[in-house]
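The structure file coords21.pdb is reproduced below (PDB, C-alpha atoms).
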ATOM      1  CA  MET R   1     123.081 128.244 103.299  1.00  0.00           C
ATOM      2  CA  GLY R   2     125.376 131.283 103.198  1.00  0.00           C
ATOM      3  CA  PHE R   3     127.669 132.298 106.035  1.00  0.00           C
ATOM      4  CA  GLY R   4     125.738 135.506 106.623  1.00  0.00           C
ATOM      5  CA  LEU R   5     122.488 133.622 107.160  1.00  0.00           C
ATOM      6  CA  ARG R   6     124.143 131.098 109.488  1.00  0.00           C
ATOM      7  CA  GLN R   7     125.654 133.962 111.476  1.00  0.00           C
ATOM      8  CA  ARG R   8     122.285 135.703 111.844  1.00  0.00           C
ATOM      9  CA  GLN R   9     120.583 132.487 112.924  1.00  0.00           C
ATOM     10  CA  HIS R  10     123.319 131.822 115.479  1.00  0.00           C
ATOM     11  CA  LEU R  11     122.918 135.314 116.903  1.00  0.00           C
ATOM     12  CA  GLU R  12     119.130 134.944 117.098  1.00  0.00           C
ATOM     13  CA  GLN R  13     119.514 131.636 118.940  1.00  0.00           C
ATOM     14  CA  ARG R  14     121.780 133.319 121.491  1.00  0.00           C
ATOM     15  CA  LEU R  15     119.271 136.098 122.150  1.00  0.00           C
ATOM     16  CA  SER R  16     116.915 135.519 125.059  1.00  0.00           C
ATOM     17  CA  THR R  17     113.164 135.832 124.572  1.00  0.00           C
ATOM     18  CA  GLU R  18     113.273 139.153 126.409  1.00  0.00           C
ATOM     19  CA  GLN R  19     116.041 140.428 124.142  1.00  0.00           C
ATOM     20  CA  ARG R  20     114.151 139.397 121.012  1.00  0.00           C
ATOM     21  CA  GLN R  21     111.070 141.214 122.285  1.00  0.00           C
ATOM     22  CA  SER R  22     113.134 144.316 123.071  1.00  0.00           C
ATOM     23  CA  LEU R  23     114.773 144.161 119.649  1.00  0.00           C
ATOM     24  CA  ALA R  24     111.424 143.891 117.879  1.00  0.00           C
ATOM     25  CA  GLN R  25     109.773 146.583 120.004  1.00  0.00           C
ATOM     26  CA  GLN R  26     112.625 149.056 119.520  1.00  0.00           C
ATOM     27  CA  THR R  27     112.692 148.407 115.761  1.00  0.00           C
ATOM     28  CA  ILE R  28     108.938 148.935 115.466  1.00  0.00           C
ATOM     29  CA  GLY R  29     109.123 152.151 117.476  1.00  0.00           C
ATOM     30  CA  LEU R  30     111.962 153.587 115.396  1.00  0.00           C
ATOM     31  CA  ARG R  31     110.285 152.517 112.165  1.00  0.00           C
ATOM     32  CA  LEU R  32     107.028 154.277 113.128  1.00  0.00           C
ATOM     33  CA  GLU R  33     109.021 157.336 114.170  1.00  0.00           C
ATOM     34  CA  LEU R  34     110.739 157.394 110.782  1.00  0.00           C
ATOM     35  CA  VAL R  35     107.447 157.059 108.896  1.00  0.00           C
ATOM     36  CA  ALA R  36     105.941 159.926 110.890  1.00  0.00           C
ATOM     37  CA  VAL R  37     108.955 162.167 110.268  1.00  0.00           C
ATOM     38  CA  LEU R  38     108.942 161.405 106.538  1.00  0.00           C
ATOM     39  CA  HIS R  39     105.268 162.323 106.158  1.00  0.00           C
ATOM     40  CA  GLY R  40     105.103 165.163 108.677  1.00  0.00           C
ATOM     41  CA  THR R  41     106.145 168.728 108.045  1.00  0.00           C
ATOM     42  CA  VAL R  42     109.563 169.899 109.225  1.00  0.00           C
ATOM     43  CA  GLY R  43     109.485 170.813 112.910  1.00  0.00           C
ATOM     44  CA  SER R  44     106.011 169.335 113.454  1.00  0.00           C
ATOM     45  CA  ASN R  45     107.148 166.653 115.951  1.00  0.00           C
ATOM     46  CA  ALA R  46     105.009 164.157 114.067  1.00  0.00           C
ATOM     47  CA  SER R  47     104.518 160.715 115.582  1.00  0.00           C
ATOM     48  CA  TYR R  48     102.571 157.482 115.248  1.00  0.00           C
ATOM     49  CA  LYS R  49     101.591 155.528 118.343  1.00  0.00           C
ATOM     50  CA  PRO R  50      99.443 152.381 118.353  1.00  0.00           C
ATOM     51  CA  GLU R  51      97.450 152.261 121.582  1.00  0.00           C
ATOM     52  CA  GLY R  52      95.322 149.620 123.234  1.00  0.00           C
ATOM     53  CA  THR R  53      94.231 148.924 126.811  1.00  0.00           C
ATOM     54  CA  CYS R  54      92.493 145.630 127.519  1.00  0.00           C
ATOM     55  CA  PRO R  55      88.924 146.307 128.722  1.00  0.00           C
ATOM     56  CA  LYS R  56      89.005 143.183 130.909  1.00  0.00           C
ATOM     57  CA  CYS R  57      92.375 143.144 132.714  1.00  0.00           C
ATOM     58  CA  SER R  58      93.478 146.751 132.004  1.00  0.00           C
ATOM     59  CA  ARG R  59      96.794 145.679 130.507  1.00  0.00           C
ATOM     60  CA  ARG R  60      98.236 148.410 128.314  1.00  0.00           C
ATOM     61  CA  LEU R  61      99.586 146.740 125.196  1.00  0.00           C
ATOM     62  CA  THR R  62     102.819 147.701 123.478  1.00  0.00           C
ATOM     63  CA  ALA R  63     102.872 148.343 119.733  1.00  0.00           C
ATOM     64  CA  LEU R  64     104.456 144.905 119.256  1.00  0.00           C
ATOM     65  CA  GLU R  65     101.720 143.193 121.280  1.00  0.00           C
ATOM     66  CA  ILE R  66      99.006 144.980 119.299  1.00  0.00           C
ATOM     67  CA  LEU R  67     100.551 143.828 116.013  1.00  0.00           C
ATOM     68  CA  GLN R  68     101.016 140.277 117.289  1.00  0.00           C
ATOM     69  CA  GLY R  69      97.396 140.159 118.462  1.00  0.00           C
ATOM     70  CA  PHE R  70      95.838 140.809 115.048  1.00  0.00           C
ATOM     71  CA  ASN R  71      94.478 137.695 113.369  1.00  0.00           C
ATOM     72  CA  ALA R  72      94.774 138.861 109.734  1.00  0.00           C
ATOM     73  CA  ASP R  73      91.020 138.542 109.140  1.00  0.00           C
ATOM     74  CA  PRO R  74      89.931 141.416 106.845  1.00  0.00           C
ATOM     75  CA  ASN R  75      86.601 141.565 108.683  1.00  0.00           C
ATOM     76  CA  ASP R  76      87.930 141.447 112.268  1.00  0.00           C
ATOM     77  CA  TYR R  77      89.504 144.697 113.442  1.00  0.00           C
ATOM     78  CA  SER R  78      90.356 143.507 116.943  1.00  0.00           C
ATOM     79  CA  THR R  79      93.633 142.558 118.568  1.00  0.00           C
ATOM     80  CA  SER R  80      94.175 140.137 121.445  1.00  0.00           C
ATOM     81  CA  CYS R  81      95.395 140.839 124.960  1.00  0.00           C
ATOM     82  CA  PRO R  82      98.472 138.670 125.642  1.00  0.00           C
ATOM     83  CA  ARG R  83      97.505 138.369 129.320  1.00  0.00           C
ATOM     84  CA  CYS R  84      93.832 137.314 129.204  1.00  0.00           C
ATOM     85  CA  SER R  85      93.170 136.810 125.436  1.00  0.00           C
ATOM     86  CA  THR R  86      90.319 139.315 125.402  1.00  0.00           C
ATOM     87  CA  ARG R  87      89.844 140.787 121.946  1.00  0.00           C
ATOM     88  CA  PHE R  88      89.261 144.513 121.509  1.00  0.00           C
ATOM     89  CA  THR R  89      89.783 147.262 118.928  1.00  0.00           C
ATOM     90  CA  PRO R  90      93.098 149.209 119.165  1.00  0.00           C
ATOM     91  CA  LYS R  91      93.689 152.792 118.084  1.00  0.00           C
ATOM     92  CA  LEU R  92      96.397 154.626 116.153  1.00  0.00           C
ATOM     93  CA  ILE R  93      97.308 158.087 117.433  1.00  0.00           C
ATOM     94  CA  TRP R  94      98.676 160.442 114.763  1.00  0.00           C
ATOM     95  CA  ARG R  95     100.288 163.605 116.088  1.00  0.00           C
ATOM     96  CA  SER R  96     101.497 166.402 113.848  1.00  0.00           C
ATOM     97  CA  GLY R  97     102.138 169.983 114.851  1.00  0.00           C
ATOM     98  CA  GLY R  98     100.106 170.947 117.894  1.00  0.00           C
ATOM     99  CA  GLY R  99      97.275 168.469 117.429  1.00  0.00           C
ATOM    100  CA  SER R 100      96.540 164.765 117.451  1.00  0.00           C
ATOM    101  CA  VAL R 101      93.964 162.470 115.880  1.00  0.00           C
ATOM    102  CA  GLU R 102      92.713 159.131 117.235  1.00  0.00           C
ATOM    103  CA  LEU R 103      92.007 156.661 114.444  1.00  0.00           C
ATOM    104  CA  ALA R 104      91.025 153.042 114.033  1.00  0.00           C
ATOM    105  CA  PHE R 105      94.149 150.921 113.583  1.00  0.00           C
ATOM    106  CA  TYR R 106      93.931 148.138 111.009  1.00  0.00           C
ATOM    107  CA  CYS R 107      96.331 145.254 110.575  1.00  0.00           C
ATOM    108  CA  ALA R 108      98.283 144.965 107.331  1.00  0.00           C
ATOM    109  CA  SER R 109      95.858 142.567 105.620  1.00  0.00           C
ATOM    110  CA  GLN R 110      92.802 144.614 106.675  1.00  0.00           C
ATOM    111  CA  THR R 111      94.430 147.760 105.324  1.00  0.00           C
ATOM    112  CA  ILE R 112      95.242 146.129 101.999  1.00  0.00           C
ATOM    113  CA  ALA R 113      91.720 144.705 101.663  1.00  0.00           C
ATOM    114  CA  GLN R 114      90.219 148.172 102.079  1.00  0.00           C
ATOM    115  CA  MET R 115      92.729 149.776  99.717  1.00  0.00           C
ATOM    116  CA  GLU R 116      91.830 147.237  97.056  1.00  0.00           C
ATOM    117  CA  ARG R 117      88.200 148.377  97.289  1.00  0.00           C
ATOM    118  CA  ILE R 118      89.158 152.074  97.281  1.00  0.00           C
ATOM    119  CA  GLY R 119      91.643 151.931  94.399  1.00  0.00           C
ATOM    120  CA  GLY R 120      94.556 154.225  93.639  1.00  0.00           C
ATOM    121  CA  HIS R 121      92.626 157.104  92.111  1.00  0.00           C
ATOM    122  CA  PHE R 122      93.146 159.705  94.855  1.00  0.00           C
ATOM    123  CA  ASP R 123      96.239 161.795  95.513  1.00  0.00           C
ATOM    124  CA  PRO R 124      97.657 161.459  99.059  1.00  0.00           C
ATOM    125  CA  GLN R 125      95.851 164.543 100.417  1.00  0.00           C
ATOM    126  CA  GLU R 126      92.470 163.432  99.073  1.00  0.00           C
ATOM    127  CA  PHE R 127      93.067 159.848 100.187  1.00  0.00           C
ATOM    128  CA  GLU R 128      93.812 161.016 103.736  1.00  0.00           C
ATOM    129  CA  ARG R 129      90.759 163.276 103.783  1.00  0.00           C
ATOM    130  CA  LYS R 130      88.354 160.581 102.564  1.00  0.00           C
ATOM    131  CA  TYR R 131      89.857 157.498 104.235  1.00  0.00           C
ATOM    132  CA  SER R 132      91.954 158.789 107.110  1.00  0.00           C
ATOM    133  CA  ALA R 133      92.177 155.556 109.147  1.00  0.00           C
ATOM    134  CA  VAL R 134      93.092 153.464 106.092  1.00  0.00           C
ATOM    135  CA  TYR R 135      95.619 156.070 104.966  1.00  0.00           C
ATOM    136  CA  HIS R 136      97.476 156.199 108.274  1.00  0.00           C
ATOM    137  CA  SER R 137      97.336 152.426 108.815  1.00  0.00           C
ATOM    138  CA  ALA R 138      98.861 152.018 105.351  1.00  0.00           C
ATOM    139  CA  LEU R 139     101.712 154.370 106.214  1.00  0.00           C
ATOM    140  CA  ALA R 140     102.264 152.687 109.581  1.00  0.00           C
ATOM    141  CA  HIS R 141     102.578 149.246 107.976  1.00  0.00           C
ATOM    142  CA  TYR R 142     104.139 150.022 104.597  1.00  0.00           C
ATOM    143  CA  GLY R 143     105.711 153.481 104.782  1.00  0.00           C
ATOM    144  CA  THR R 144     103.970 154.823 101.678  1.00  0.00           C
ATOM    145  CA  LEU R 145     100.722 154.309  99.805  1.00  0.00           C
ATOM    146  CA  ARG R 146     102.773 153.227  96.804  1.00  0.00           C
ATOM    147  CA  ASN R 147     104.326 150.379  98.797  1.00  0.00           C
ATOM    148  CA  ALA R 148     100.913 149.309 100.077  1.00  0.00           C
ATOM    149  CA  PHE R 149      99.239 149.405  96.662  1.00  0.00           C
ATOM    150  CA  SER R 150     102.118 147.416  95.146  1.00  0.00           C
ATOM    151  CA  LYS R 151     101.097 144.470  97.371  1.00  0.00           C
ATOM    152  CA  ILE R 152      97.889 144.153  95.371  1.00  0.00           C
ATOM    153  CA  GLY R 153      99.375 144.952  91.961  1.00  0.00           C
ATOM    154  CA  ILE R 154      98.136 148.545  91.741  1.00  0.00           C
ATOM    155  CA  ASP R 155     100.523 151.196  90.451  1.00  0.00           C
ATOM    156  CA  TYR R 156     100.291 154.406  92.453  1.00  0.00           C
ATOM    157  CA  PHE R 157     101.857 157.311  90.590  1.00  0.00           C
ATOM    158  CA  TYR R 158     101.323 160.232  92.959  1.00  0.00           C
ATOM    159  CA  THR R 159     104.288 161.864  94.701  1.00  0.00           C
ATOM    160  CA  GLU R 160     104.141 161.303  98.465  1.00  0.00           C
ATOM    161  CA  LEU R 161     107.502 162.371  99.910  1.00  0.00           C
ATOM    162  CA  THR R 162     109.628 165.470  99.430  1.00  0.00           C
ATOM    163  CA  ASP R 163     113.312 165.606 100.408  1.00  0.00           C
ATOM    164  CA  PRO R 164     113.277 162.150 102.069  1.00  0.00           C
ATOM    165  CA  MET R 165     117.074 162.052 102.385  1.00  0.00           C
ATOM    166  CA  GLU R 166     117.111 165.147 104.582  1.00  0.00           C
ATOM    167  CA  LYS R 167     114.372 163.800 106.849  1.00  0.00           C
ATOM    168  CA  LEU R 168     115.780 160.281 107.227  1.00  0.00           C
ATOM    169  CA  THR R 169     119.330 161.350 108.132  1.00  0.00           C
ATOM    170  CA  PRO R 170     118.763 161.101 111.939  1.00  0.00           C
ATOM    171  CA  PHE R 171     117.796 157.420 111.506  1.00  0.00           C
ATOM    172  CA  LEU R 172     120.906 156.331 109.622  1.00  0.00           C
ATOM    173  CA  GLY R 173     122.794 153.768 111.678  1.00  0.00           C
ATOM    174  CA  ARG R 174     119.830 153.407 114.046  1.00  0.00           C
ATOM    175  CA  LEU R 175     117.754 151.302 111.658  1.00  0.00           C
ATOM    176  CA  PRO R 176     118.926 148.835 109.000  1.00  0.00           C
ATOM    177  CA  ASP R 177     119.349 150.380 105.555  1.00  0.00           C
ATOM    178  CA  THR R 178     116.775 147.903 104.227  1.00  0.00           C
ATOM    179  CA  ILE R 179     114.052 149.155 106.583  1.00  0.00           C
ATOM    180  CA  ILE R 180     114.829 152.811 105.826  1.00  0.00           C
ATOM    181  CA  ALA R 181     114.712 152.013 102.114  1.00  0.00           C
ATOM    182  CA  GLU R 182     111.443 150.133 102.488  1.00  0.00           C
ATOM    183  CA  VAL R 183     109.555 153.002 104.127  1.00  0.00           C
ATOM    184  CA  SER R 184     111.160 155.832 102.146  1.00  0.00           C
ATOM    185  CA  GLY R 185     110.794 154.351  98.667  1.00  0.00           C
ATOM    186  CA  LEU R 186     114.534 154.688  98.044  1.00  0.00           C
ATOM    187  CA  THR R 187     116.908 151.798  97.420  1.00  0.00           C
ATOM    188  CA  ALA R 188     119.003 150.193 100.150  1.00  0.00           C
ATOM    189  CA  LYS R 189     122.055 150.823  97.945  1.00  0.00           C
ATOM    190  CA  ALA R 190     121.324 154.560  97.857  1.00  0.00           C
ATOM    191  CA  ILE R 191     120.709 154.639 101.609  1.00  0.00           C
ATOM    192  CA  GLY R 192     123.956 152.786 102.295  1.00  0.00           C
ATOM    193  CA  LYS R 193     125.973 155.120 100.075  1.00  0.00           C
ATOM    194  CA  PHE R 194     124.451 158.192 101.708  1.00  0.00           C
ATOM    195  CA  ARG R 195     125.127 156.789 105.198  1.00  0.00           C
ATOM    196  CA  ARG R 196     128.747 155.963 104.395  1.00  0.00           C
ATOM    197  CA  ASN R 197     129.331 159.421 102.904  1.00  0.00           C
ATOM    198  CA  LEU R 198     128.258 160.864 106.244  1.00  0.00           C
ATOM    199  CA  GLY R 199     130.628 158.549 108.107  1.00  0.00           C
ATOM    200  CA  ILE R 200     127.835 156.712 109.931  1.00  0.00           C
ATOM    201  CA  SER R 201     128.383 153.049 110.750  1.00  0.00           C
ATOM    202  CA  VAL R 202     125.859 150.413 109.748  1.00  0.00           C
ATOM    203  CA  CYS R 203     123.035 149.503 112.115  1.00  0.00           C
ATOM    204  CA  THR R 204     123.456 146.248 114.058  1.00  0.00           C
ATOM    205  CA  ARG R 205     121.253 144.262 116.412  1.00  0.00           C
ATOM    206  CA  ARG R 206     123.607 145.230 119.227  1.00  0.00           C
ATOM    207  CA  LYS R 207     122.982 148.934 118.544  1.00  0.00           C
ATOM    208  CA  ILE R 208     119.221 148.434 118.595  1.00  0.00           C
ATOM    209  CA  LEU R 209     119.360 146.391 121.814  1.00  0.00           C
ATOM    210  CA  GLU R 210     121.553 148.998 123.503  1.00  0.00           C
ATOM    211  CA  ALA R 211     119.119 151.737 122.464  1.00  0.00           C
ATOM    212  CA  ALA R 212     116.233 149.667 123.849  1.00  0.00           C
ATOM    213  CA  GLN R 213     118.023 149.208 127.173  1.00  0.00           C
ATOM    214  CA  GLU R 214     118.715 152.953 127.379  1.00  0.00           C
ATOM    215  CA  THR R 215     115.022 153.626 126.774  1.00  0.00           C
ATOM    216  CA  ILE R 216     114.023 151.241 129.558  1.00  0.00           C
ATOM    217  CA  ALA R 217     116.614 152.719 131.928  1.00  0.00           C
TER     218      ALA R 217
END

Same coordinates, now as structure tokens:
Amino acid sequence: MGFGLRQRQHLEQRLSTEQRQSLAQQTIGLRLELVAVLHGTVGSNASYKPEGTCPKCSRRLTALEILQGFNADPNDYSTSCPRCSTRFTPKLIWRSGGGSVELAFYCASQTIAQMERIGGHFDPQEFERKYSAVYHSALAHYGTLRNAFSKIGIDYFYTELTDPMEKLTPFLGRLPDTIIAEVSGLTAKAIGKFRRNLGISVCTRRKILEAAQETIA
């Protein structure tokens, strides 16, 4: 076991349950924000927001709770309320420009199962037009269609992102290079070099926790 891994495990053990939840929630929020910015047009204030209110106890679930409530069954599109365990179907709100669209929100395995049936024959615009909910769930979970299709061994050759470096700059140092690389299709090495050239320090758990606390405050 390397020192880096031991150090990360030690830090995770020191974090309280509340801190771990805040860390995960903040990371998910920033990641979804990055995905929306990468795929939206410049100045469109694009955003992704998973939404779900329990029909039984009226609890409004966070994005993290919605993701944790999925059961990874390709045929079950419901999530579970952490308060009363009632299962219900969540939504994904996609905002771009002056409008918004409410879509079904699928878990990662449900999205992949549907993409396997659809195949990689459509360019991104046609894919979104024909299978809007699947398209946006794929971006929310994997960043790009190419990343999602790669999980089932399908090569997707269409170009999805233009000028990703310019769009991802505001997220450097706020998210780990690995996450930015994952959703942008670039390498972590390229992201790290670009970040260092701009004089931006690497993202740490402490930074994410501090940002989460500022959001709560």

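Between CA of Leu186 (chain R) and CA of Ile93 (chain R) there is a distance of 26.2 Å.
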
### Task
Please write the residues picked by the PyMOL selection byres ((chain R and resi 29) around 10) on this file as a PyMOL selection string.
chain R and resi 24-28+30-34+47-50+62-64+212

### Task
Could you please determine the separation between CA of Pro164 (chain R) and CA of Ile66 (chain R) in Å, to one decimal place?
28.2 Å

### Distance of CA of Asn45 (chain R) from CA of Tyr106 (chain R), expressed in Å to one decimal place
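One can read the CA of Tyr106 (chain R) to CA of Asn45 (chain R) distance as 23.3 Å.
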
#### Entry: Shell around Cys203 (chain R) at 8 Å using only C-alpha atoms, local window under 3 positions removed, as a PyMOL selection string
chain R and resi 172-177+207-208

#### Entry: Expansion of the PyMOL selection byres ((chain R and resi 100) around 12) into residues, as a list in words
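After applying the PyMOL selection byres ((chain R and resi 100) around 12), what remains is Ser44, Asn45, Ala46, Ser47, Tyr48, Lys49, Leu92, Ile93, Trp94, Arg95, Ser96, Gly97, Gly98, Gly99, Val101, Glu102 and Leu103 of chain R.
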
Hey, can you spit out that residue selection with C-alpha atoms as a compact mmCIF listing (two decimals), in the frame of the given file?
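again-v2.txt, written as the output of this step:
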# COMPACT_ATOMS: atom_id res chain seq x y z
CA SER R 44 106.01 169.34 113.45
CA ASN R 45 107.15 166.65 115.95
CA ALA R 46 105.01 164.16 114.07
CA SER R 47 104.52 160.72 115.58
CA TYR R 48 102.57 157.48 115.25
CA LYS R 49 101.59 155.53 118.34
CA LEU R 92 96.40 154.63 116.15
CA ILE R 93 97.31 158.09 117.43
CA TRP R 94 98.68 160.44 114.76
CA ARG R 95 100.29 163.60 116.09
CA SER R 96 101.50 166.40 113.85
CA GLY R 97 102.14 169.98 114.85
CA GLY R 98 100.11 170.95 117.89
CA GLY R 99 97.28 168.47 117.43
CA VAL R 101 93.96 162.47 115.88
CA GLU R 102 92.71 159.13 117.24
CA LEU R 103 92.01 156.66 114.44

### Task
Compile the contact shell of Tyr77 (chain R) as a PyMOL selection string: residues with an atom at most 8 Å away, counting all atoms listed in the file, same-chain residues fewer than 4 positions apart removed.
chain R and resi 70+73+89+105-107+110

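You can rank R:Lys130, R:Arg83, R:Lys167, R:His136 by their closest distance to Thr53 (chain R) using only C-alpha atoms, and at the top of that list sits R:Arg83.
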
### Task
May I ask which of the residues R:Phe171, R:Glu214, R:Val37, R:Thr17 is the closest one to Ile200 (chain R), counting all atoms listed in the file?
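For Ile200 (chain R), the nearest of the given residues is R:Phe171.
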
Give me the region 23-119 of chain R side of the contact with region 140-150 of chain R, cut-off 7 Å, one line per residue showing its nearest atom pair and distance in Å at one decimal, counting all atoms listed in the file, sorted by chain and residue number, as CSV.
residue,atom,partner,partner_atom,distance
R:Leu32,CA,R:Ala140,CA,6.1
R:Val35,CA,R:Gly143,CA,5.7
R:Ala108,CA,R:His141,CA,6.1
R:Ile112,CA,R:Ala148,CA,6.8

### Message
Residue by residue, what does the PyMOL selection byres ((chain R and resi 178) around 9) grab here? Present the result as a list in words.
### Response
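Going through the file, the PyMOL selection byres ((chain R and resi 178) around 9) ends up selecting Leu175, Pro176, Asp177, Ile179, Ile180, Ala181, Glu182, Val183, Thr187, Ala188, Lys189, Ile191 and Gly192 of chain R.
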
### Task
Do a neighbour search on Tyr131 (chain R) at 12 Å with only C-alpha atoms, toss out local chain neighbours closer than 2 positions, and write the hits as a count of residues only.
22

### Message
When you count only C-alpha atoms, which of these residues is closest to Gln68 (chain R): R:Thr169, R:Thr41, R:Ser184, R:Gln21?
### Response
R:Gln21

Starting from 6 Å padding per side, set up an axis-aligned box that covers all listed atoms of region 63-78 of chain R and hand over centre and edge lengths in Å, one decimal, as JSON.
{"center_x": 95.5, "center_y": 143.0, "center_z": 114.1, "size_x": 29.9, "size_y": 22.6, "size_z": 26.4}

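Taking all atoms listed in the file into account, Lys91 (chain R) lies nearest to R:Gly52 out of the set R:Gly52, R:Gly69, R:Pro74, R:Gly120.
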
Generate N, CA and C atoms for region 65-79 of chain R and emit them as a tab-separated table (two decimals), keeping the file's coordinate frame.
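Everything below was put into selection-v4.tsv:
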chain	number	residue	atom	x	y	z
R	65	GLU	N	102.80	144.08	120.84
R	65	GLU	CA	101.72	143.19	121.28
R	65	GLU	C	100.45	143.43	120.47
R	66	ILE	N	100.18	144.69	120.13
R	66	ILE	CA	99.01	144.98	119.30
R	66	ILE	C	99.14	144.31	117.94
R	67	LEU	N	100.32	144.43	117.33
R	67	LEU	CA	100.55	143.83	116.01
R	67	LEU	C	100.48	142.31	116.09
R	68	GLN	N	101.03	141.72	117.14
R	68	GLN	CA	101.02	140.28	117.29
R	68	GLN	C	99.61	139.75	117.55
R	69	GLY	N	98.75	140.60	118.11
R	69	GLY	CA	97.40	140.16	118.46
R	69	GLY	C	96.40	140.17	117.32
R	70	PHE	N	96.73	140.83	116.21
R	70	PHE	CA	95.84	140.81	115.05
R	70	PHE	C	95.77	139.39	114.50
R	71	ASN	N	94.61	139.05	113.92
R	71	ASN	CA	94.48	137.70	113.37
R	71	ASN	C	94.40	137.66	111.85
R	72	ALA	N	94.69	138.78	111.21
R	72	ALA	CA	94.77	138.86	109.73
R	72	ALA	C	93.46	138.57	109.03
R	73	ASP	N	92.34	138.70	109.73
R	73	ASP	CA	91.02	138.54	109.14
R	73	ASP	C	90.56	139.92	108.67
R	74	PRO	N	90.32	140.10	107.35
R	74	PRO	CA	89.93	141.42	106.84
R	74	PRO	C	88.66	141.98	107.48
R	75	ASN	N	87.86	141.12	108.10
R	75	ASN	CA	86.60	141.56	108.68
R	75	ASN	C	86.64	141.66	110.21
R	76	ASP	N	87.79	141.39	110.81
R	76	ASP	CA	87.93	141.45	112.27
R	76	ASP	C	89.00	142.47	112.61
R	77	TYR	N	88.58	143.60	113.18
R	77	TYR	CA	89.50	144.70	113.44
R	77	TYR	C	90.06	144.69	114.87
R	78	SER	N	89.91	143.58	115.56
R	78	SER	CA	90.36	143.51	116.94
R	78	SER	C	91.75	142.89	117.07
R	79	THR	N	92.39	143.20	118.19
R	79	THR	CA	93.63	142.56	118.57
R	79	THR	C	93.37	141.76	119.84
